[in-house]
>>> print(open('start-v3.txt').read())   # compact mmCIF, N, CA and C atoms
# COMPACT_ATOMS: atom_id res chain seq x y z
N ARG A 1241 7.81 -2.77 -14.24
CA ARG A 1241 9.17 -3.16 -13.93
C ARG A 1241 9.49 -2.81 -12.50
N GLU A 1242 10.28 -3.66 -11.89
CA GLU A 1242 10.71 -3.47 -10.52
C GLU A 1242 9.54 -3.19 -9.58
N CYS A 1243 8.45 -3.89 -9.81
CA CYS A 1243 7.25 -3.70 -9.02
C CYS A 1243 6.62 -5.05 -8.76
N TYR A 1244 6.14 -5.26 -7.57
CA TYR A 1244 5.42 -6.47 -7.22
C TYR A 1244 4.04 -6.06 -6.75
N ILE A 1245 3.02 -6.69 -7.28
CA ILE A 1245 1.64 -6.34 -6.92
C ILE A 1245 1.05 -7.46 -6.10
N SER A 1246 0.44 -7.09 -5.01
CA SER A 1246 -0.20 -8.05 -4.12
C SER A 1246 -1.61 -7.56 -3.81
N ALA A 1247 -2.30 -8.31 -2.97
CA ALA A 1247 -3.66 -7.94 -2.61
C ALA A 1247 -3.91 -8.23 -1.13
N THR A 1248 -4.66 -7.34 -0.51
CA THR A 1248 -5.03 -7.52 0.89
C THR A 1248 -5.96 -8.71 1.05
N ALA A 1249 -6.90 -8.85 0.14
CA ALA A 1249 -7.82 -9.99 0.14
C ALA A 1249 -7.70 -10.70 -1.20
N ARG A 1250 -7.79 -12.00 -1.16
CA ARG A 1250 -7.55 -12.82 -2.36
C ARG A 1250 -8.84 -13.28 -3.03
N CYS A 1251 -9.92 -12.61 -2.76
CA CYS A 1251 -11.19 -13.01 -3.35
C CYS A 1251 -11.97 -11.75 -3.72
N ALA A 1252 -13.07 -11.93 -4.41
CA ALA A 1252 -13.96 -10.81 -4.71
C ALA A 1252 -15.08 -10.86 -3.67
N PRO A 1253 -14.94 -10.08 -2.62
CA PRO A 1253 -15.92 -10.15 -1.53
C PRO A 1253 -17.25 -9.50 -1.90
N PRO A 1254 -18.29 -9.81 -1.12
CA PRO A 1254 -19.59 -9.17 -1.36
C PRO A 1254 -19.45 -7.64 -1.30
N ALA A 1255 -20.13 -6.97 -2.20
CA ALA A 1255 -20.10 -5.51 -2.30
C ALA A 1255 -18.69 -4.99 -2.53
N ASN A 1256 -17.78 -5.88 -2.94
CA ASN A 1256 -16.40 -5.54 -3.27
C ASN A 1256 -15.66 -4.89 -2.11
N LYS A 1257 -16.06 -5.23 -0.88
CA LYS A 1257 -15.39 -4.70 0.30
C LYS A 1257 -15.13 -5.86 1.26
N PRO A 1258 -13.84 -6.23 1.45
CA PRO A 1258 -13.56 -7.38 2.31
C PRO A 1258 -13.85 -7.06 3.77
N SER A 1259 -14.34 -8.08 4.47
CA SER A 1259 -14.60 -7.94 5.90
C SER A 1259 -13.27 -8.08 6.65
N PRO A 1260 -13.23 -7.64 7.90
CA PRO A 1260 -12.01 -7.85 8.70
C PRO A 1260 -11.60 -9.32 8.76
N ASP A 1261 -12.57 -10.22 8.81
CA ASP A 1261 -12.24 -11.66 8.84
C ASP A 1261 -11.58 -12.10 7.53
N GLU A 1262 -12.05 -11.59 6.40
CA GLU A 1262 -11.45 -11.94 5.11
C GLU A 1262 -10.03 -11.39 5.00
N VAL A 1263 -9.82 -10.18 5.48
CA VAL A 1263 -8.48 -9.59 5.47
C VAL A 1263 -7.55 -10.42 6.36
N ALA A 1264 -8.03 -10.79 7.54
CA ALA A 1264 -7.22 -11.60 8.46
C ALA A 1264 -6.90 -12.97 7.88
N ALA A 1265 -7.84 -13.57 7.17
CA ALA A 1265 -7.62 -14.89 6.58
C ALA A 1265 -6.54 -14.86 5.51
N CYS A 1266 -6.34 -13.72 4.87
CA CYS A 1266 -5.34 -13.59 3.81
C CYS A 1266 -4.00 -13.05 4.31
N ALA A 1267 -3.91 -12.68 5.57
CA ALA A 1267 -2.70 -12.05 6.09
C ALA A 1267 -1.47 -12.94 5.93
N GLU A 1268 -1.64 -14.24 6.05
CA GLU A 1268 -0.48 -15.13 5.93
C GLU A 1268 0.16 -15.05 4.54
N PHE A 1269 -0.63 -14.76 3.52
CA PHE A 1269 -0.08 -14.61 2.17
C PHE A 1269 0.78 -13.35 2.09
N LEU A 1270 0.30 -12.26 2.67
CA LEU A 1270 1.08 -11.03 2.69
C LEU A 1270 2.37 -11.23 3.48
N ASP A 1271 2.29 -11.93 4.60
CA ASP A 1271 3.49 -12.19 5.40
C ASP A 1271 4.52 -12.99 4.61
N ALA A 1272 4.07 -13.99 3.86
CA ALA A 1272 4.99 -14.79 3.05
C ALA A 1272 5.64 -13.92 1.97
N GLU A 1273 4.86 -13.06 1.34
CA GLU A 1273 5.41 -12.18 0.32
C GLU A 1273 6.41 -11.21 0.93
N TRP A 1274 6.12 -10.69 2.10
CA TRP A 1274 7.03 -9.79 2.82
C TRP A 1274 8.40 -10.46 2.98
N ARG A 1275 8.39 -11.71 3.41
CA ARG A 1275 9.65 -12.44 3.63
C ARG A 1275 10.40 -12.68 2.32
N LEU A 1276 9.68 -12.91 1.25
CA LEU A 1276 10.31 -13.20 -0.04
C LEU A 1276 10.88 -11.95 -0.72
N LEU A 1277 10.25 -10.81 -0.51
CA LEU A 1277 10.67 -9.58 -1.18
C LEU A 1277 11.75 -8.89 -0.34
N LYS A 1278 12.97 -9.15 -0.68
CA LYS A 1278 14.11 -8.68 0.12
C LYS A 1278 14.45 -7.21 -0.11
N ARG A 1279 14.10 -6.65 -1.27
CA ARG A 1279 14.51 -5.28 -1.60
C ARG A 1279 13.34 -4.31 -1.66
N LYS A 1280 12.30 -4.55 -0.89
CA LYS A 1280 11.14 -3.65 -0.92
C LYS A 1280 11.52 -2.28 -0.38
N ARG A 1281 11.04 -1.26 -1.03
CA ARG A 1281 11.34 0.11 -0.63
C ARG A 1281 10.07 0.94 -0.45
N VAL A 1282 9.05 0.65 -1.27
CA VAL A 1282 7.80 1.40 -1.21
C VAL A 1282 6.64 0.41 -1.17
N LEU A 1283 5.77 0.60 -0.20
CA LEU A 1283 4.49 -0.10 -0.18
C LEU A 1283 3.47 0.92 -0.67
N PHE A 1284 2.75 0.57 -1.72
CA PHE A 1284 1.77 1.48 -2.33
C PHE A 1284 0.39 0.92 -2.04
N ALA A 1285 -0.37 1.60 -1.23
CA ALA A 1285 -1.68 1.11 -0.79
C ALA A 1285 -2.80 1.77 -1.58
N LEU A 1286 -3.56 0.94 -2.30
CA LEU A 1286 -4.72 1.45 -3.03
C LEU A 1286 -5.93 1.35 -2.12
N GLY A 1287 -6.23 2.43 -1.42
CA GLY A 1287 -7.39 2.47 -0.55
C GLY A 1287 -7.05 2.29 0.92
N LYS A 1288 -8.00 2.67 1.78
CA LYS A 1288 -7.79 2.61 3.22
C LYS A 1288 -7.65 1.19 3.73
N ILE A 1289 -8.37 0.25 3.14
CA ILE A 1289 -8.24 -1.15 3.58
C ILE A 1289 -6.81 -1.62 3.35
N ALA A 1290 -6.25 -1.31 2.19
CA ALA A 1290 -4.87 -1.69 1.90
C ALA A 1290 -3.89 -0.95 2.80
N TRP A 1291 -4.15 0.33 3.07
CA TRP A 1291 -3.31 1.13 3.96
C TRP A 1291 -3.23 0.47 5.34
N ASP A 1292 -4.41 0.15 5.88
CA ASP A 1292 -4.45 -0.49 7.20
C ASP A 1292 -3.77 -1.85 7.18
N ALA A 1293 -3.96 -2.59 6.10
CA ALA A 1293 -3.32 -3.90 5.98
C ALA A 1293 -1.80 -3.78 5.90
N CYS A 1294 -1.30 -2.75 5.21
CA CYS A 1294 0.15 -2.53 5.13
C CYS A 1294 0.73 -2.18 6.49
N LEU A 1295 0.03 -1.35 7.25
CA LEU A 1295 0.52 -1.00 8.59
C LEU A 1295 0.53 -2.24 9.48
N ALA A 1296 -0.52 -3.05 9.40
CA ALA A 1296 -0.57 -4.28 10.20
C ALA A 1296 0.52 -5.25 9.76
N LEU A 1297 0.75 -5.37 8.47
CA LEU A 1297 1.80 -6.23 7.93
C LEU A 1297 3.17 -5.79 8.44
N ALA A 1298 3.44 -4.51 8.37
CA ALA A 1298 4.72 -4.00 8.84
C ALA A 1298 4.89 -4.29 10.34
N ALA A 1299 3.85 -4.05 11.11
CA ALA A 1299 3.92 -4.29 12.55
C ALA A 1299 4.16 -5.77 12.85
N ARG A 1300 3.48 -6.65 12.12
CA ARG A 1300 3.69 -8.10 12.33
C ARG A 1300 5.11 -8.51 12.01
N ASN A 1301 5.79 -7.71 11.21
CA ASN A 1301 7.14 -8.05 10.77
C ASN A 1301 8.20 -7.17 11.43
N GLY A 1302 7.89 -6.68 12.61
CA GLY A 1302 8.89 -6.04 13.44
C GLY A 1302 9.07 -4.55 13.29
N ILE A 1303 8.25 -3.90 12.50
CA ILE A 1303 8.38 -2.45 12.32
C ILE A 1303 7.48 -1.74 13.33
N THR A 1304 8.03 -0.79 14.03
CA THR A 1304 7.26 0.01 14.97
C THR A 1304 6.49 1.06 14.20
N ILE A 1305 5.18 1.04 14.33
CA ILE A 1305 4.32 1.99 13.63
C ILE A 1305 4.27 3.29 14.44
N PRO A 1306 4.49 4.42 13.77
CA PRO A 1306 4.48 5.71 14.49
C PRO A 1306 3.16 5.94 15.22
N ARG A 1307 3.26 6.69 16.30
CA ARG A 1307 2.08 7.14 17.06
C ARG A 1307 2.04 8.64 17.00
N PRO A 1308 0.95 9.28 16.74
CA PRO A 1308 -0.32 8.64 16.44
C PRO A 1308 -0.25 7.86 15.13
N ARG A 1309 -1.14 6.88 15.02
CA ARG A 1309 -1.16 6.01 13.85
C ARG A 1309 -1.34 6.85 12.58
N PRO A 1310 -0.51 6.60 11.57
CA PRO A 1310 -0.61 7.36 10.31
C PRO A 1310 -2.00 7.26 9.69
N VAL A 1311 -2.49 8.40 9.24
CA VAL A 1311 -3.84 8.49 8.68
C VAL A 1311 -3.78 8.33 7.17
N PHE A 1312 -4.69 7.52 6.63
CA PHE A 1312 -4.78 7.31 5.19
C PHE A 1312 -5.28 8.57 4.49
N GLY A 1313 -4.77 8.79 3.33
CA GLY A 1313 -5.25 9.84 2.44
C GLY A 1313 -4.56 9.68 1.10
N HIS A 1314 -5.12 10.26 0.08
CA HIS A 1314 -4.47 10.19 -1.22
C HIS A 1314 -3.17 11.00 -1.17
N GLY A 1315 -2.07 10.34 -1.47
CA GLY A 1315 -0.76 10.99 -1.42
C GLY A 1315 -0.12 10.95 -0.04
N ALA A 1316 -0.79 10.35 0.93
CA ALA A 1316 -0.20 10.24 2.27
C ALA A 1316 1.07 9.39 2.20
N GLU A 1317 2.05 9.77 2.99
CA GLU A 1317 3.31 9.03 3.06
C GLU A 1317 3.69 8.86 4.52
N VAL A 1318 4.25 7.69 4.83
CA VAL A 1318 4.80 7.47 6.16
C VAL A 1318 6.07 6.62 6.02
N ARG A 1319 7.13 7.11 6.61
CA ARG A 1319 8.38 6.36 6.59
C ARG A 1319 8.28 5.30 7.68
N LEU A 1320 8.40 4.04 7.26
CA LEU A 1320 8.31 2.92 8.19
C LEU A 1320 9.67 2.51 8.73
N SER A 1321 10.71 2.76 7.94
CA SER A 1321 12.08 2.48 8.35
C SER A 1321 13.00 3.31 7.46
N ASP A 1322 14.30 3.16 7.66
CA ASP A 1322 15.25 3.90 6.81
C ASP A 1322 15.13 3.51 5.35
N SER A 1323 14.61 2.31 5.08
CA SER A 1323 14.59 1.83 3.71
C SER A 1323 13.19 1.49 3.20
N LEU A 1324 12.15 1.91 3.93
CA LEU A 1324 10.79 1.55 3.52
C LEU A 1324 9.81 2.68 3.83
N VAL A 1325 8.99 3.00 2.84
CA VAL A 1325 7.95 4.03 3.02
C VAL A 1325 6.62 3.48 2.50
N LEU A 1326 5.56 3.90 3.15
CA LEU A 1326 4.20 3.56 2.73
C LEU A 1326 3.58 4.79 2.09
N VAL A 1327 2.99 4.59 0.90
CA VAL A 1327 2.33 5.67 0.16
C VAL A 1327 0.88 5.25 -0.06
N GLY A 1328 -0.04 6.17 0.17
CA GLY A 1328 -1.45 5.88 -0.01
C GLY A 1328 -2.03 6.53 -1.25
N SER A 1329 -3.03 5.87 -1.81
CA SER A 1329 -3.77 6.40 -2.95
C SER A 1329 -5.22 5.97 -2.82
N TYR A 1330 -6.12 6.85 -3.28
CA TYR A 1330 -7.49 6.41 -3.39
C TYR A 1330 -7.53 5.19 -4.30
N HIS A 1331 -8.45 4.29 -4.02
CA HIS A 1331 -8.58 3.08 -4.83
C HIS A 1331 -9.10 3.45 -6.22
N VAL A 1332 -8.71 2.66 -7.20
CA VAL A 1332 -9.10 2.93 -8.59
C VAL A 1332 -10.47 2.33 -8.93
N SER A 1333 -11.35 2.31 -7.97
CA SER A 1333 -12.70 1.78 -8.18
C SER A 1333 -13.50 2.70 -9.09
N GLN A 1334 -14.55 2.15 -9.68
CA GLN A 1334 -15.44 2.96 -10.51
C GLN A 1334 -16.06 4.08 -9.69
N GLN A 1335 -16.39 3.79 -8.43
CA GLN A 1335 -16.98 4.82 -7.57
C GLN A 1335 -16.05 6.03 -7.48
N ASN A 1336 -14.75 5.80 -7.34
CA ASN A 1336 -13.80 6.90 -7.21
C ASN A 1336 -13.47 7.55 -8.55
N THR A 1337 -13.34 6.74 -9.60
CA THR A 1337 -12.94 7.31 -10.89
C THR A 1337 -14.11 7.98 -11.60
N PHE A 1338 -15.29 7.40 -11.53
CA PHE A 1338 -16.45 7.99 -12.22
C PHE A 1338 -16.87 9.30 -11.56
N THR A 1339 -16.66 9.43 -10.26
CA THR A 1339 -17.07 10.65 -9.55
C THR A 1339 -15.99 11.72 -9.57
N GLY A 1340 -14.79 11.36 -10.04
CA GLY A 1340 -13.69 12.32 -10.08
C GLY A 1340 -12.93 12.44 -8.77
N LYS A 1341 -13.27 11.61 -7.78
CA LYS A 1341 -12.50 11.62 -6.53
C LYS A 1341 -11.05 11.25 -6.83
N LEU A 1342 -10.86 10.35 -7.80
CA LEU A 1342 -9.53 9.98 -8.27
C LEU A 1342 -9.48 10.18 -9.77
N THR A 1343 -8.58 11.03 -10.22
CA THR A 1343 -8.41 11.26 -11.65
C THR A 1343 -7.13 10.58 -12.12
N THR A 1344 -6.99 10.45 -13.42
CA THR A 1344 -5.78 9.87 -13.99
C THR A 1344 -4.56 10.68 -13.56
N ALA A 1345 -4.68 11.98 -13.59
CA ALA A 1345 -3.56 12.84 -13.19
C ALA A 1345 -3.17 12.61 -11.73
N MET A 1346 -4.17 12.47 -10.88
CA MET A 1346 -3.88 12.23 -9.45
C MET A 1346 -3.15 10.90 -9.26
N LEU A 1347 -3.61 9.86 -9.95
CA LEU A 1347 -2.97 8.55 -9.83
C LEU A 1347 -1.55 8.61 -10.39
N ASP A 1348 -1.38 9.24 -11.55
CA ASP A 1348 -0.05 9.38 -12.13
C ASP A 1348 0.90 10.10 -11.16
N GLU A 1349 0.40 11.13 -10.52
CA GLU A 1349 1.24 11.91 -9.60
C GLU A 1349 1.73 11.05 -8.43
N VAL A 1350 0.84 10.29 -7.84
CA VAL A 1350 1.24 9.50 -6.67
C VAL A 1350 2.09 8.29 -7.09
N LEU A 1351 1.85 7.75 -8.28
CA LEU A 1351 2.71 6.67 -8.78
C LEU A 1351 4.11 7.20 -9.09
N ASN A 1352 4.19 8.38 -9.70
CA ASN A 1352 5.50 8.98 -9.97
C ASN A 1352 6.25 9.29 -8.67
N ARG A 1353 5.53 9.75 -7.67
CA ARG A 1353 6.15 10.01 -6.37
C ARG A 1353 6.69 8.71 -5.77
N SER A 1354 5.93 7.63 -5.91
CA SER A 1354 6.38 6.33 -5.39
C SER A 1354 7.65 5.87 -6.11
N ARG A 1355 7.69 6.07 -7.41
CA ARG A 1355 8.88 5.70 -8.18
C ARG A 1355 10.08 6.53 -7.72
N GLU A 1356 9.85 7.83 -7.52
CA GLU A 1356 10.92 8.71 -7.05
C GLU A 1356 11.44 8.25 -5.68
N LEU A 1357 10.55 7.93 -4.78
CA LEU A 1357 10.95 7.45 -3.45
C LEU A 1357 11.73 6.16 -3.55
N SER A 1358 11.27 5.25 -4.40
CA SER A 1358 11.94 3.97 -4.57
C SER A 1358 13.35 4.15 -5.10
N ARG A 1359 13.50 5.01 -6.09
CA ARG A 1359 14.84 5.27 -6.63
C ARG A 1359 15.75 5.91 -5.60
N ARG A 1360 15.22 6.87 -4.86
CA ARG A 1360 16.01 7.55 -3.84
C ARG A 1360 16.43 6.58 -2.73
N MET A 1361 15.55 5.71 -2.34
CA MET A 1361 15.84 4.78 -1.26
C MET A 1361 16.72 3.62 -1.72
N GLY A 1362 16.72 3.38 -3.03
CA GLY A 1362 17.51 2.28 -3.57
C GLY A 1362 18.96 2.65 -3.81
N SER A 1363 19.28 3.93 -3.74
CA SER A 1363 20.66 4.33 -4.04
C SER A 1363 21.50 4.47 -2.80
>>> encode(input="start-v3.txt", output="structure tokens")
Amino acid sequence: RECYISATARCAPPANKPSPDEVAACAEFLDAEWRLLKRKRVLFALGKIAWDACLALAARNGITIPRPRPVFGHGAEVRLSDSLVLVGSYHVSQQNTFTGKLTTAMLDEVLNRSRELSRRMGS
């Protein structure tokens, strides 16, 4: 509820890792979604590729990205504007979940934090 899910790349790339060219080719879709979503408050990035894509998306749409550039990490947060924050999470890939780099509890924690931020920013 009250959540929109998008993707940095719109295909299943080789080795499940999109190239910079594939990410660039899909950027217009993210830009269109940005324009359509009028009440966005939290961008939740699953993985560093998504984190970087969110920062690029915000910059393309007039948001000044802090310097030094925000670093990705699980639970990382960066306020992009008074009404928008970016939250990072390790990707839910088998590599991360099977090795314990990302646990269910860790994902629940960062999702709950995102919900809390969204509610706070929406009031």
>>> closest_residue(input="start-v3.txt", among="A:Leu1320, A:Arg1353, A:Pro1253, A:Phe1312", to="Asp1292 of chain A", atoms="all atoms listed in the file")
A:Phe1312
>>> residues_around(input="start-v3.txt", residues="segment 1304-1309 of chain A", least_positions_apart="2", cutoff="9 Å", atoms="only C-alpha atoms", output="PyMOL selection string")
chain A and resi 1295-1296+1298-1299+1302+1311+1318-1321
>>> atom_distance(input="start-v3.txt", atom1="atom C of His1331 of chain A", atom2="atom C of Ala1249 of chain A")
15.1 Å
>>> residues_around(input="start-v3.txt", residues="segment 1341-1349 of chain A", least_positions_apart="3", cutoff="9 Å", atoms="only C-alpha atoms", output="list in words")
His1314, Gly1315, Ser1329, Tyr1330, His1331, Val1332, Ser1333, Gln1335, Asn1336, Thr1337, Phe1338, Asn1352, Arg1353 and Ser1354 of chain A
>>> closest_residue(input="start-v3.txt", among="A:Lys1280, A:Pro1310, A:Phe1269, A:Cys1294", to="Ser1358 of chain A", atoms="all atoms listed in the file")
A:Lys1280
>>> select_by_dssp(input="start-v3.txt", residues="segment 1277-1354 of chain A", states="strand (DSSP E)", output="PDB file with N, CA and C atoms, in the coordinates of the input")
ATOM      1  N   VAL A1282       9.050   0.650  -1.270  1.00  0.00           N
ATOM      2  CA  VAL A1282       7.800   1.400  -1.210  1.00  0.00           C
ATOM      3  C   VAL A1282       6.640   0.410  -1.170  1.00  0.00           C
ATOM      4  N   LEU A1283       5.770   0.600  -0.200  1.00  0.00           N
ATOM      5  CA  LEU A1283       4.490  -0.100  -0.180  1.00  0.00           C
ATOM      6  C   LEU A1283       3.470   0.920  -0.670  1.00  0.00           C
ATOM      7  N   PHE A1284       2.750   0.570  -1.720  1.00  0.00           N
ATOM      8  CA  PHE A1284       1.770   1.480  -2.330  1.00  0.00           C
ATOM      9  C   PHE A1284       0.390   0.920  -2.040  1.00  0.00           C
ATOM     10  N   ALA A1285      -0.370   1.600  -1.230  1.00  0.00           N
ATOM     11  CA  ALA A1285      -1.680   1.110  -0.790  1.00  0.00           C
ATOM     12  C   ALA A1285      -2.800   1.770  -1.580  1.00  0.00           C
ATOM     13  N   LEU A1286      -3.560   0.940  -2.300  1.00  0.00           N
ATOM     14  CA  LEU A1286      -4.720   1.450  -3.030  1.00  0.00           C
ATOM     15  C   LEU A1286      -5.930   1.350  -2.120  1.00  0.00           C
ATOM     16  N   GLU A1317       2.050   9.770   2.990  1.00  0.00           N
ATOM     17  CA  GLU A1317       3.310   9.030   3.060  1.00  0.00           C
ATOM     18  C   GLU A1317       3.690   8.860   4.520  1.00  0.00           C
ATOM     19  N   VAL A1318       4.250   7.690   4.830  1.00  0.00           N
ATOM     20  CA  VAL A1318       4.800   7.470   6.160  1.00  0.00           C
ATOM     21  C   VAL A1318       6.070   6.620   6.020  1.00  0.00           C
ATOM     22  N   ARG A1319       7.130   7.110   6.610  1.00  0.00           N
ATOM     23  CA  ARG A1319       8.380   6.360   6.590  1.00  0.00           C
ATOM     24  C   ARG A1319       8.280   5.300   7.680  1.00  0.00           C
ATOM     25  N   LEU A1320       8.400   4.040   7.260  1.00  0.00           N
ATOM     26  CA  LEU A1320       8.310   2.920   8.190  1.00  0.00           C
ATOM     27  C   LEU A1320       9.670   2.510   8.730  1.00  0.00           C
ATOM     28  N   SER A1321      10.710   2.760   7.940  1.00  0.00           N
ATOM     29  CA  SER A1321      12.080   2.480   8.350  1.00  0.00           C
ATOM     30  C   SER A1321      13.000   3.310   7.460  1.00  0.00           C
ATOM     31  N   LEU A1324      12.150   1.910   3.930  1.00  0.00           N
ATOM     32  CA  LEU A1324      10.790   1.550   3.520  1.00  0.00           C
ATOM     33  C   LEU A1324       9.810   2.680   3.830  1.00  0.00           C
ATOM     34  N   VAL A1325       8.990   3.000   2.840  1.00  0.00           N
ATOM     35  CA  VAL A1325       7.950   4.030   3.020  1.00  0.00           C
ATOM     36  C   VAL A1325       6.620   3.480   2.500  1.00  0.00           C
ATOM     37  N   LEU A1326       5.560   3.900   3.150  1.00  0.00           N
ATOM     38  CA  LEU A1326       4.200   3.560   2.730  1.00  0.00           C
ATOM     39  C   LEU A1326       3.580   4.790   2.090  1.00  0.00           C
ATOM     40  N   VAL A1327       2.990   4.590   0.900  1.00  0.00           N
ATOM     41  CA  VAL A1327       2.330   5.670   0.160  1.00  0.00           C
ATOM     42  C   VAL A1327       0.880   5.250  -0.060  1.00  0.00           C
ATOM     43  N   GLY A1328      -0.040   6.170   0.170  1.00  0.00           N
ATOM     44  CA  GLY A1328      -1.450   5.880  -0.010  1.00  0.00           C
ATOM     45  C   GLY A1328      -2.030   6.530  -1.250  1.00  0.00           C
ATOM     46  N   SER A1329      -3.030   5.870  -1.810  1.00  0.00           N
ATOM     47  CA  SER A1329      -3.770   6.400  -2.950  1.00  0.00           C
ATOM     48  C   SER A1329      -5.220   5.970  -2.820  1.00  0.00           C
TER      49      SER A1329
END
